[in-house]
Structures are given as C-alpha cells and as structure tokens.
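Data first, discussion second: the structure below is written as structure tokens.
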Amino acid sequence: MNKSINYPVYRLESDIEHKLKVIIFDLDNTLYPDELGVFPLIDARINSYMSQRLEIPKNDVDALRRVYWKMYGATLQGLMLHHRADPEDFLQFVHDIDLIPVLKPDSTLNQALSSLQMHKVILTNASREHALKVLKTLGVQNQFEHIFDIRTADYRPKPHKEPYLKVLDSLKLKSSECVMVDDLPDNLKTAKELGMHTVLIGEENGFPYVDCCLGRACGIEEVLHRLRP
Ligand SMILES: [Mg+2]
C-alpha cells in the first residue's frame, strides 16, 4: 500500500458529476446474511484473544469490548491503545475460524455481481486474509478488483473517514462516483457525509443518509437505478 497518499479535495454540490463507477461493498453480514452466524464465531475468538493473549479477566471482557467499540469503532483500536496489542497477531487470531460449516457458495450472488456493469471493491474492517477466505467460500472471489482491509488506514476502521478517503485516493475516484453497500448504518453515514451514494443491507429505517435499503446483496442491481439521475 502506498503510504504517500494525497487526500482528495472535497467538492461543492454543484461540482458533483452524477456518474456511478464503483460499488464499494462491505464484507461480513453484507455479502451473506448475518443469521448465518459468522460474527459469533469471530466474537468468541476476540473474547479468547483478550483473555488468553492479553490476560484480561474473563469477567471484564464483554464490558471492555463495548467501551472500545463505542470509543473507537472497533475492539482492536482499544486493545492497541490500552493493552499494547499487536494488531497483526490479533487479526490472525480472531479470524482463525472455520467458515465451511456456516457459509456456502452463493451462485445467485455471483450472477448478480457478474451482471453489474460497474467496478466492484471490498472495504472491510476485517483482514484481507479473512476477506479472501469469505469470498472464496461464497465463490465470488473473482468479482472484486481490490480488497481494502483494516490495514488500509493503519488499522483505523470504518466509520472513521480515513479508510474511505484512502479508497477514493487509491482508485482516483470522486465520492459521487461511488456506491457504498454496508449492513451498518453508521458506516453509511460517513459514506454519505463524504458524498457517496448509500445502500443499507437491512430494513427501511428512515435514516437520512441511507439512499436505499435492500434485504440481500444479490438484489443490488434493482436498486441502482434509483441512485442514477
Ligand atoms: Mg458488515
């Protein structure tokens, strides 16, 4: 990853060209339904990491995670700042899960992604290695041109602006040329503040920064026309 990145210049509304070029997909609970239960596997690994590797008392783990999540947007940030956790050790440990029992190849998703006449990339708070494992298990690894992971902005996660800005800069894009698809409203709030179009994988909620809601990622094509002028 190029470290000398120039951040893009923010544009006035009147300067925005409404041309959609890239769809930025979140990974977990966006490309597959949350009810499949991948996150609980990762959660259990995070808890083990905190108690085993960092020797945090088991009774304190849940409360600490909530605090760090609220303060920093991700557990890892708090563990790095307050417990001197090695981020690479953390990522390797918490993503050491077996996806085969929970995820299966998704030909419907693969077809839906194939039919999109836009570039597709991943922006995830997980590691690139985990992303590749998920994409391969779903059978959609060839659909994405880039994976931007938690290392993209030096472990600074969504919904902080830094990873979004790195993506825009790396791909030489204007924010108005991007559609962000994510299952977490807060991640879309940042995307909208930067000028992106936003699609929530989830139920209609009335959030002003969500342009469209969608039950499953495989329906993305049908909502894109609503975003085009
Ligand atoms: Mg997600």
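In the structure tokens, chains take the letters A, B, ... in the order shown, each chain's residues start at 1, and ligands count up from 1 in the order shown.
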Report as a PyMOL selection string all protein, DNA and RNA residues lying within 9 Å of A:Pro208, evaluated on only C-alpha atoms, omitting residues in the same chain fewer than 3 positions from it.
chain A and resi 189+205+211
Considering only C-alpha atoms, tabulate each residue of stretch 85-175 of chain A that lies at most 8 Å from stretch 17-37 of chain A along with its nearest interatomic pair and the corresponding distance in Å to one decimal; arrange the rows by chain and ascending residue number and present them as JSON lines.
{"residue": "A:Val102", "atom": "CA", "partner": "A:Leu36", "partner_atom": "CA", "distance": 5.9}
{"residue": "A:Leu103", "atom": "CA", "partner": "A:Leu36", "partner_atom": "CA", "distance": 7.2}
{"residue": "A:Leu109", "atom": "CA", "partner": "A:Leu31", "partner_atom": "CA", "distance": 8.0}
{"residue": "A:Met118", "atom": "CA", "partner": "A:Lys21", "partner_atom": "CA", "distance": 5.5}
{"residue": "A:His119", "atom": "CA", "partner": "A:Val22", "partner_atom": "CA", "distance": 4.6}
{"residue": "A:Lys120", "atom": "CA", "partner": "A:Ile23", "partner_atom": "CA", "distance": 5.0}
{"residue": "A:Val121", "atom": "CA", "partner": "A:Ile24", "partner_atom": "CA", "distance": 5.0}
{"residue": "A:Ile122", "atom": "CA", "partner": "A:Phe25", "partner_atom": "CA", "distance": 4.8}
{"residue": "A:Leu123", "atom": "CA", "partner": "A:Asp26", "partner_atom": "CA", "distance": 5.2}
{"residue": "A:Thr124", "atom": "CA", "partner": "A:Asp26", "partner_atom": "CA", "distance": 5.3}
{"residue": "A:Ala131", "atom": "CA", "partner": "A:Leu27", "partner_atom": "CA", "distance": 6.9}
Using DSSP secondary structure from the backbone, list all alpha helix (DSSP H) positions within stretch 122-224 of chain A, as an MDAnalysis selection string.
chainID A and resid 128:138 161:171 185:194 220:224
Could the residues in this selection be written to a file with N, CA and C atoms, as a short mmCIF file (atom, residue, chain, number, x, y, z; two decimals), in the first residue's frame?
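Now in selection22.cif:
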data_model
loop_
_atom_site.label_atom_id
_atom_site.label_comp_id
_atom_site.auth_asym_id
_atom_site.auth_seq_id
_atom_site.Cartn_x
_atom_site.Cartn_y
_atom_site.Cartn_z
N ARG A 128 -7.51 -8.75 5.18
CA ARG A 128 -7.55 -9.20 3.79
C ARG A 128 -7.65 -10.72 3.72
N GLU A 129 -6.93 -11.40 4.62
CA GLU A 129 -6.93 -12.86 4.62
C GLU A 129 -8.33 -13.40 4.92
N HIS A 130 -9.00 -12.79 5.88
CA HIS A 130 -10.38 -13.20 6.19
C HIS A 130 -11.30 -12.90 5.00
N ALA A 131 -11.11 -11.74 4.39
CA ALA A 131 -11.95 -11.37 3.25
C ALA A 131 -11.79 -12.39 2.12
N LEU A 132 -10.56 -12.76 1.83
CA LEU A 132 -10.32 -13.73 0.76
C LEU A 132 -10.98 -15.07 1.08
N LYS A 133 -10.90 -15.45 2.36
CA LYS A 133 -11.50 -16.72 2.77
C LYS A 133 -13.02 -16.68 2.59
N VAL A 134 -13.64 -15.57 2.98
CA VAL A 134 -15.09 -15.43 2.83
C VAL A 134 -15.47 -15.42 1.34
N LEU A 135 -14.75 -14.64 0.56
CA LEU A 135 -15.08 -14.53 -0.87
C LEU A 135 -14.93 -15.87 -1.58
N LYS A 136 -13.87 -16.60 -1.23
CA LYS A 136 -13.66 -17.91 -1.85
C LYS A 136 -14.75 -18.89 -1.43
N THR A 137 -15.13 -18.84 -0.17
CA THR A 137 -16.17 -19.76 0.31
C THR A 137 -17.51 -19.46 -0.37
N LEU A 138 -17.77 -18.18 -0.60
CA LEU A 138 -19.01 -17.80 -1.30
C LEU A 138 -18.90 -18.02 -2.81
N LYS A 161 -13.38 8.34 8.81
CA LYS A 161 -13.29 8.74 7.41
C LYS A 161 -12.04 8.22 6.69
N GLU A 162 -10.99 7.99 7.45
CA GLU A 162 -9.70 7.68 6.82
C GLU A 162 -9.75 6.54 5.81
N PRO A 163 -10.33 5.37 6.15
CA PRO A 163 -10.32 4.31 5.14
C PRO A 163 -11.09 4.64 3.87
N TYR A 164 -12.19 5.38 4.01
CA TYR A 164 -12.95 5.79 2.82
C TYR A 164 -12.09 6.69 1.93
N LEU A 165 -11.39 7.62 2.57
CA LEU A 165 -10.57 8.56 1.80
C LEU A 165 -9.41 7.83 1.11
N LYS A 166 -8.88 6.83 1.77
CA LYS A 166 -7.80 6.04 1.16
C LYS A 166 -8.33 5.31 -0.07
N VAL A 167 -9.53 4.77 0.02
CA VAL A 167 -10.12 4.08 -1.13
C VAL A 167 -10.29 5.05 -2.29
N LEU A 168 -10.86 6.19 -2.01
CA LEU A 168 -11.09 7.19 -3.07
C LEU A 168 -9.77 7.59 -3.71
N ASP A 169 -8.77 7.79 -2.89
CA ASP A 169 -7.48 8.23 -3.41
C ASP A 169 -6.82 7.11 -4.22
N SER A 170 -6.85 5.91 -3.69
CA SER A 170 -6.22 4.78 -4.39
C SER A 170 -6.84 4.55 -5.75
N LEU A 171 -8.15 4.70 -5.83
CA LEU A 171 -8.85 4.41 -7.08
C LEU A 171 -9.05 5.66 -7.94
N PRO A 185 -25.56 1.08 9.58
CA PRO A 185 -25.92 2.46 9.23
C PRO A 185 -24.81 3.47 9.50
N ASP A 186 -24.07 3.31 10.59
CA ASP A 186 -23.01 4.28 10.89
C ASP A 186 -21.96 4.35 9.78
N ASN A 187 -21.68 3.20 9.18
CA ASN A 187 -20.69 3.19 8.10
C ASN A 187 -21.21 3.95 6.88
N LEU A 188 -22.52 3.92 6.69
CA LEU A 188 -23.11 4.64 5.56
C LEU A 188 -23.22 6.14 5.86
N LYS A 189 -23.34 6.48 7.11
CA LYS A 189 -23.40 7.90 7.49
C LYS A 189 -22.11 8.60 7.04
N THR A 190 -20.98 7.97 7.31
CA THR A 190 -19.72 8.56 6.87
C THR A 190 -19.65 8.62 5.34
N ALA A 191 -20.07 7.53 4.70
CA ALA A 191 -20.04 7.50 3.23
C ALA A 191 -20.86 8.65 2.65
N LYS A 192 -22.02 8.88 3.23
CA LYS A 192 -22.90 9.96 2.75
C LYS A 192 -22.29 11.33 3.04
N GLU A 193 -21.68 11.48 4.20
CA GLU A 193 -21.03 12.76 4.52
C GLU A 193 -19.92 13.09 3.52
N LEU A 194 -19.29 12.04 2.99
CA LEU A 194 -18.23 12.25 2.01
C LEU A 194 -18.78 12.45 0.60
N ILE A 220 -28.80 -6.00 -5.62
CA ILE A 220 -28.20 -4.68 -5.78
C ILE A 220 -28.58 -4.01 -7.11
N GLU A 221 -28.64 -4.80 -8.18
CA GLU A 221 -28.93 -4.21 -9.50
C GLU A 221 -30.26 -3.45 -9.49
N GLU A 222 -31.25 -4.02 -8.81
CA GLU A 222 -32.58 -3.41 -8.86
C GLU A 222 -32.67 -2.09 -8.10
N VAL A 223 -31.74 -1.83 -7.20
CA VAL A 223 -31.80 -0.54 -6.51
C VAL A 223 -30.88 0.51 -7.15
N LEU A 224 -29.95 0.07 -8.01
CA LEU A 224 -29.00 1.02 -8.58
C LEU A 224 -29.70 2.08 -9.44
#
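Checking A:His146, A:Lys104, A:Lys172, A:Lys158 one by one against ligand 1, counting only C-alpha atoms and all ligand atoms, you find the shortest gap at A:Lys158.
Every residue of stretch 116-187 of chain A with a DSSP assignment of strand (DSSP E or B), taken from the backbone, is listed as His119, Lys120, Val121, Ile122, Leu123, His146, Ile147, Phe148, Cys178, Val179, Met180, Val181 and Asp182 of chain A.
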May I have the residues from that selection written out with N, CA and C atoms, as an mmCIF file, in the first residue's frame?
data_model
loop_
_atom_site.group_PDB
_atom_site.id
_atom_site.type_symbol
_atom_site.label_atom_id
_atom_site.label_comp_id
_atom_site.auth_asym_id
_atom_site.auth_seq_id
_atom_site.Cartn_x
_atom_site.Cartn_y
_atom_site.Cartn_z
ATOM 1 N N HIS A 119 -17.301 -1.307 -11.566
ATOM 2 C CA HIS A 119 -16.198 -1.916 -10.835
ATOM 3 C C HIS A 119 -16.676 -2.243 -9.418
ATOM 4 N N LYS A 120 -16.124 -3.299 -8.851
ATOM 5 C CA LYS A 120 -16.531 -3.709 -7.507
ATOM 6 C C LYS A 120 -15.294 -3.887 -6.633
ATOM 7 N N VAL A 121 -15.351 -3.330 -5.445
ATOM 8 C CA VAL A 121 -14.258 -3.496 -4.484
ATOM 9 C C VAL A 121 -14.849 -3.805 -3.116
ATOM 10 N N ILE A 122 -13.988 -4.305 -2.226
ATOM 11 C CA ILE A 122 -14.378 -4.585 -0.842
ATOM 12 C C ILE A 122 -13.711 -3.562 0.077
ATOM 13 N N LEU A 123 -14.468 -3.053 1.042
ATOM 14 C CA LEU A 123 -13.894 -2.253 2.128
ATOM 15 C C LEU A 123 -14.390 -2.861 3.438
ATOM 16 N N HIS A 146 -10.376 -5.085 -5.968
ATOM 17 C CA HIS A 146 -9.500 -4.729 -4.855
ATOM 18 C C HIS A 146 -10.165 -5.123 -3.537
ATOM 19 N N ILE A 147 -9.322 -5.448 -2.565
ATOM 20 C CA ILE A 147 -9.795 -5.608 -1.185
ATOM 21 C C ILE A 147 -9.080 -4.564 -0.333
ATOM 22 N N PHE A 148 -9.839 -3.660 0.239
ATOM 23 C CA PHE A 148 -9.292 -2.692 1.194
ATOM 24 C C PHE A 148 -9.650 -3.201 2.584
ATOM 25 N N CYS A 178 -19.219 6.770 -6.416
ATOM 26 C CA CYS A 178 -19.209 5.519 -5.634
ATOM 27 C C CYS A 178 -20.559 5.234 -4.992
ATOM 28 N N VAL A 179 -20.871 3.960 -4.931
ATOM 29 C CA VAL A 179 -21.997 3.478 -4.138
ATOM 30 C C VAL A 179 -21.411 2.629 -3.017
ATOM 31 N N MET A 180 -21.772 2.942 -1.795
ATOM 32 C CA MET A 180 -21.309 2.149 -0.647
ATOM 33 C C MET A 180 -22.439 1.246 -0.182
ATOM 34 N N VAL A 181 -22.147 -0.034 -0.040
ATOM 35 C CA VAL A 181 -23.138 -1.013 0.411
ATOM 36 C C VAL A 181 -22.642 -1.606 1.726
ATOM 37 N N ASP A 182 -23.436 -1.480 2.786
ATOM 38 C CA ASP A 182 -22.978 -1.920 4.110
ATOM 39 C C ASP A 182 -24.192 -2.280 4.957
#
